[in-house]
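Report on the structure given below.
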Amino acid sequence: MTNVFLTRIDSPIGRIEIVGDDDAVTSLSIAHDGLLPHDGEPERSNAVLDRARAELVEYFAGERTDFDIPVRLTGTPFQQAVWAELVRLQWGEATSYGRLAAAVGKPGSARAIGGAVGANPVPIIVGCHRVLASDGRITGYSGGDGIPTKLWLLGHERIGFAA
């Protein structure tokens, strides 16, 4: 059986909980209404999570623009394809749901793309906040406190968007 590890950090967008195993980060949660999924459980870190913590601290300080930590993204083949496209996005680079749909060979499936983006188990590290509507508007965000969290992340990376 795989060991499960857990650590938390404070950030400008609220507390963050990072979960992983011996080899990779498997989930990242941003506090919603001050709560995290595993608040009742004690922290139990390892080298992977210590590295994730350090990289996130550097990201929030503006000292890191990409992540080197291993992640394991578990989902359907469709979700995996969408997340693989998100991994390709760089700091300060945005895309649209329509462009993601075309990139995974499913043009016209922007709504399904939105569901896959929202199901990303490792936000921030896998930059789902970088996805906007085709006209540059913000249409939602499932992490933390929603759109205010996305606004902070976009501003941090200097990604422009339409009002």
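In the structure tokens, the first chain shown is A, the next is B, and so on; residue numbers restart at 1 for each chain, and ligands run from 1 in the order shown.
Backbone DSSP of chain A yields strand (DSSP E) at Phe5, Leu6, Thr7, Arg8, Ile9, Ile16, Glu17, Ile18, Val19, Gly20, Val25, Thr26, Ser27, Leu28, Ser29, Ile30, Thr95, Ser96, Val131 and Leu132 of chain A.
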Writing out the chosen residues with all heavy atoms as a short mmCIF file (atom, residue, chain, number, x, y, z; two decimals), in the first residue's frame:
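Writing done, so here's selection06.cif:
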```cif
data_model
loop_
_atom_site.label_atom_id
_atom_site.label_comp_id
_atom_site.auth_asym_id
_atom_site.auth_seq_id
_atom_site.Cartn_x
_atom_site.Cartn_y
_atom_site.Cartn_z
N PHE A 5 0.87 11.22 2.51
CA PHE A 5 1.46 12.29 3.30
C PHE A 5 0.64 13.56 3.11
O PHE A 5 -0.05 13.72 2.10
CB PHE A 5 2.91 12.51 2.88
CG PHE A 5 3.77 11.29 3.09
CD1 PHE A 5 3.95 10.37 2.07
CD2 PHE A 5 4.37 11.05 4.32
CE1 PHE A 5 4.72 9.23 2.26
CE2 PHE A 5 5.14 9.92 4.53
CZ PHE A 5 5.31 9.00 3.50
N LEU A 6 0.73 14.46 4.08
CA LEU A 6 -0.08 15.66 4.10
C LEU A 6 0.70 16.80 4.74
O LEU A 6 1.34 16.60 5.77
CB LEU A 6 -1.35 15.37 4.92
CG LEU A 6 -2.21 16.54 5.40
CD1 LEU A 6 -2.93 17.18 4.23
CD2 LEU A 6 -3.22 16.04 6.43
N THR A 7 0.66 17.97 4.11
CA THR A 7 1.24 19.16 4.72
C THR A 7 0.37 20.36 4.35
O THR A 7 -0.43 20.29 3.42
CB THR A 7 2.71 19.37 4.29
OG1 THR A 7 3.31 20.36 5.11
CG2 THR A 7 2.83 19.79 2.83
N ARG A 8 0.53 21.43 5.08
CA ARG A 8 -0.24 22.66 4.84
C ARG A 8 0.70 23.86 4.85
O ARG A 8 1.71 23.85 5.55
CB ARG A 8 -1.31 22.84 5.91
CG ARG A 8 -2.34 21.74 5.94
CD ARG A 8 -3.37 21.95 7.05
NE ARG A 8 -4.19 20.76 7.18
CZ ARG A 8 -3.94 19.77 8.03
NH1 ARG A 8 -2.89 19.83 8.85
NH2 ARG A 8 -4.72 18.72 8.09
N ILE A 9 0.31 24.88 4.09
CA ILE A 9 1.05 26.15 4.14
C ILE A 9 0.04 27.29 4.16
O ILE A 9 -1.09 27.15 3.71
CB ILE A 9 2.02 26.33 2.94
CG1 ILE A 9 1.26 26.43 1.62
CG2 ILE A 9 3.04 25.22 2.88
CD1 ILE A 9 2.12 26.89 0.45
N ILE A 16 -3.32 26.33 2.28
CA ILE A 16 -3.24 25.34 1.22
C ILE A 16 -2.84 24.02 1.84
O ILE A 16 -1.97 23.96 2.70
CB ILE A 16 -2.22 25.77 0.14
CG1 ILE A 16 -2.76 26.99 -0.61
CG2 ILE A 16 -1.93 24.62 -0.83
CD1 ILE A 16 -1.80 27.55 -1.64
N GLU A 17 -3.51 22.97 1.37
CA GLU A 17 -3.22 21.60 1.83
C GLU A 17 -2.67 20.82 0.63
O GLU A 17 -3.26 20.83 -0.45
CB GLU A 17 -4.53 20.98 2.31
CG GLU A 17 -4.45 19.56 2.75
CD GLU A 17 -5.82 19.11 3.22
OE1 GLU A 17 -6.15 19.36 4.40
OE2 GLU A 17 -6.56 18.52 2.41
N ILE A 18 -1.54 20.17 0.85
CA ILE A 18 -0.90 19.39 -0.20
C ILE A 18 -0.86 17.93 0.26
O ILE A 18 -0.42 17.64 1.37
CB ILE A 18 0.53 19.88 -0.47
CG1 ILE A 18 0.57 21.39 -0.61
CG2 ILE A 18 1.10 19.21 -1.72
CD1 ILE A 18 1.95 21.98 -0.37
N VAL A 19 -1.32 17.03 -0.60
CA VAL A 19 -1.33 15.61 -0.30
C VAL A 19 -0.47 14.91 -1.36
O VAL A 19 -0.47 15.29 -2.53
CB VAL A 19 -2.77 15.04 -0.32
CG1 VAL A 19 -2.77 13.53 -0.08
CG2 VAL A 19 -3.63 15.75 0.72
N GLY A 20 0.26 13.91 -0.92
CA GLY A 20 1.09 13.17 -1.86
C GLY A 20 1.42 11.79 -1.33
O GLY A 20 1.02 11.41 -0.23
N VAL A 25 3.09 14.62 -5.75
CA VAL A 25 1.94 15.33 -5.21
C VAL A 25 0.71 14.78 -5.93
O VAL A 25 0.69 14.66 -7.15
CB VAL A 25 2.08 16.86 -5.45
CG1 VAL A 25 0.78 17.58 -5.09
CG2 VAL A 25 3.25 17.42 -4.67
N THR A 26 -0.33 14.45 -5.17
CA THR A 26 -1.55 13.88 -5.76
C THR A 26 -2.75 14.81 -5.66
O THR A 26 -3.71 14.64 -6.40
CB THR A 26 -1.88 12.52 -5.12
OG1 THR A 26 -2.01 12.69 -3.71
CG2 THR A 26 -0.80 11.49 -5.44
N SER A 27 -2.69 15.78 -4.74
CA SER A 27 -3.77 16.78 -4.69
C SER A 27 -3.29 18.02 -3.96
O SER A 27 -2.37 17.97 -3.14
CB SER A 27 -5.03 16.21 -4.02
OG SER A 27 -4.88 16.11 -2.63
N LEU A 28 -3.93 19.11 -4.31
CA LEU A 28 -3.69 20.39 -3.66
C LEU A 28 -5.04 21.04 -3.49
O LEU A 28 -5.82 21.12 -4.44
CB LEU A 28 -2.76 21.26 -4.53
CG LEU A 28 -2.35 22.61 -3.95
CD1 LEU A 28 -0.98 23.02 -4.47
CD2 LEU A 28 -3.37 23.70 -4.24
N SER A 29 -5.33 21.49 -2.29
CA SER A 29 -6.61 22.15 -2.00
C SER A 29 -6.34 23.51 -1.41
O SER A 29 -5.44 23.67 -0.57
CB SER A 29 -7.44 21.33 -1.01
OG SER A 29 -7.72 20.05 -1.52
N ILE A 30 -7.13 24.49 -1.84
CA ILE A 30 -7.07 25.85 -1.30
C ILE A 30 -8.27 26.01 -0.39
O ILE A 30 -9.39 25.64 -0.77
CB ILE A 30 -7.12 26.89 -2.44
CG1 ILE A 30 -6.04 26.59 -3.49
CG2 ILE A 30 -6.97 28.30 -1.89
CD1 ILE A 30 -6.26 27.30 -4.83
N THR A 95 -4.92 30.57 -21.84
CA THR A 95 -5.56 29.92 -22.97
C THR A 95 -7.07 30.02 -22.75
O THR A 95 -7.53 30.53 -21.74
CB THR A 95 -5.10 28.45 -23.12
OG1 THR A 95 -5.53 27.97 -24.39
CG2 THR A 95 -5.62 27.57 -22.00
N SER A 96 -7.82 29.51 -23.71
CA SER A 96 -9.28 29.51 -23.59
C SER A 96 -9.79 28.07 -23.57
O SER A 96 -9.10 27.14 -23.98
CB SER A 96 -9.91 30.26 -24.76
OG SER A 96 -9.76 29.53 -25.96
N VAL A 131 -6.95 29.51 -17.54
CA VAL A 131 -7.95 29.28 -18.59
C VAL A 131 -9.06 30.32 -18.47
O VAL A 131 -9.66 30.50 -17.41
CB VAL A 131 -8.54 27.85 -18.49
CG1 VAL A 131 -9.53 27.61 -19.63
CG2 VAL A 131 -7.43 26.81 -18.49
N LEU A 132 -9.30 31.00 -19.60
CA LEU A 132 -10.31 32.06 -19.67
C LEU A 132 -11.32 31.73 -20.76
O LEU A 132 -11.07 30.87 -21.60
CB LEU A 132 -9.64 33.40 -19.98
CG LEU A 132 -8.54 33.85 -19.01
CD1 LEU A 132 -7.79 35.04 -19.58
CD2 LEU A 132 -9.15 34.18 -17.65
#
```
(message) Taking 2 positions as the minimum chain separation for residues in the same chain, which residues sit within 10 Å of Thr74 (chain A) when counting only C-alpha atoms? Answer as a ChimeraX atom specification.
(response) /A:26-27,71-72,76-77,79-80,83,120-121
(request) May I have the residues within 10 Å of Ala84 (chain A) as JSON, numbers by chain, using only C-alpha atoms and disregarding those fewer than 4 positions away in the same chain? (result) {"A": [73, 78, 79, 80, 88, 89, 104, 126]}
(message) Between CA of Leu49 (chain A) and CA of Gly118 (chain A), what distance in Å does the model show, to one decimal?
(response)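 Between CA of Leu49 (chain A) and CA of Gly118 (chain A) the gap works out to 22.8 Å.
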(request) Can you pull out every residue within 10 Å of Gln90 (chain A), counting only C-alpha atoms, but drop anything in the same chain fewer than 6 positions away, and send it as number ranges by chain? (result) A: 65-67, 126-127, 130, 157
With N, CA, C and O atoms retained, write the just-selected residues as a PDB file, in the first residue's frame.
```pdb
ATOM      1  N   THR A  65       8.646  30.719 -11.299  1.00  0.00           N
ATOM      2  CA  THR A  65       7.650  30.819 -12.359  1.00  0.00           C
ATOM      3  C   THR A  65       7.276  29.463 -12.953  1.00  0.00           C
ATOM      4  O   THR A  65       6.429  29.393 -13.837  1.00  0.00           O
ATOM      5  N   ASP A  66       7.923  28.399 -12.508  1.00  0.00           N
ATOM      6  CA  ASP A  66       7.517  27.066 -12.928  1.00  0.00           C
ATOM      7  C   ASP A  66       7.803  26.086 -11.793  1.00  0.00           C
ATOM      8  O   ASP A  66       8.594  26.366 -10.906  1.00  0.00           O
ATOM      9  N   PHE A  67       7.114  24.967 -11.847  1.00  0.00           N
ATOM     10  CA  PHE A  67       7.237  23.963 -10.793  1.00  0.00           C
ATOM     11  C   PHE A  67       7.967  22.745 -11.327  1.00  0.00           C
ATOM     12  O   PHE A  67       7.747  22.317 -12.450  1.00  0.00           O
ATOM     13  N   VAL A 126      -0.517  22.804 -11.532  1.00  0.00           N
ATOM     14  CA  VAL A 126      -1.060  22.593 -12.868  1.00  0.00           C
ATOM     15  C   VAL A 126      -2.043  23.744 -13.067  1.00  0.00           C
ATOM     16  O   VAL A 126      -3.125  23.755 -12.501  1.00  0.00           O
ATOM     17  N   GLY A 127      -1.632  24.734 -13.850  1.00  0.00           N
ATOM     18  CA  GLY A 127      -2.256  26.058 -13.866  1.00  0.00           C
ATOM     19  C   GLY A 127      -3.625  26.191 -14.474  1.00  0.00           C
ATOM     20  O   GLY A 127      -3.792  26.879 -15.485  1.00  0.00           O
ATOM     21  N   ARG A 130      -5.235  29.621 -15.429  1.00  0.00           N
ATOM     22  CA  ARG A 130      -4.813  30.300 -16.663  1.00  0.00           C
ATOM     23  C   ARG A 130      -5.800  30.118 -17.815  1.00  0.00           C
ATOM     24  O   ARG A 130      -5.526  30.524 -18.932  1.00  0.00           O
ATOM     25  N   GLU A 157       0.448  36.568 -11.763  1.00  0.00           N
ATOM     26  CA  GLU A 157       1.200  36.191 -12.976  1.00  0.00           C
ATOM     27  C   GLU A 157       1.075  37.242 -14.082  1.00  0.00           C
ATOM     28  O   GLU A 157       1.540  37.034 -15.196  1.00  0.00           O
TER      29      GLU A 157
END
```
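Going from CA of Glu93 (chain A) to CA of Ala54 (chain A) covers 22.7 Å.
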(request) Could you please determine the separation between CA of Ile159 (chain A) and CA of Ala31 (chain A) in Å, to one decimal place? (result) 22.8 Å
(request) Tell me which protein, DNA and RNA residues are within 9 Å of Arg99 (chain A), counting only C-alpha atoms, leaving out same-chain ones fewer than 5 positions away, and put them as a PyMOL selection string. (result) chain A and resi 104+107+110+134
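Checking A:Pro42, A:Gly62, A:Gly160, A:Gly144 one by one against Ile13 (chain A), counting only C-alpha atoms, you find the shortest gap at A:Gly144.
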(message) When you look at Cys128 (chain A) with a cut-off of 10 Å (counting only C-alpha atoms), what residues show up, excluding the ones that are within fewer than 6 positions of it in the same chain? I need them as an MDAnalysis selection string.
(response) chainID A and resid 82:83 85:87 89 94:95 114 116:122 141:143 150
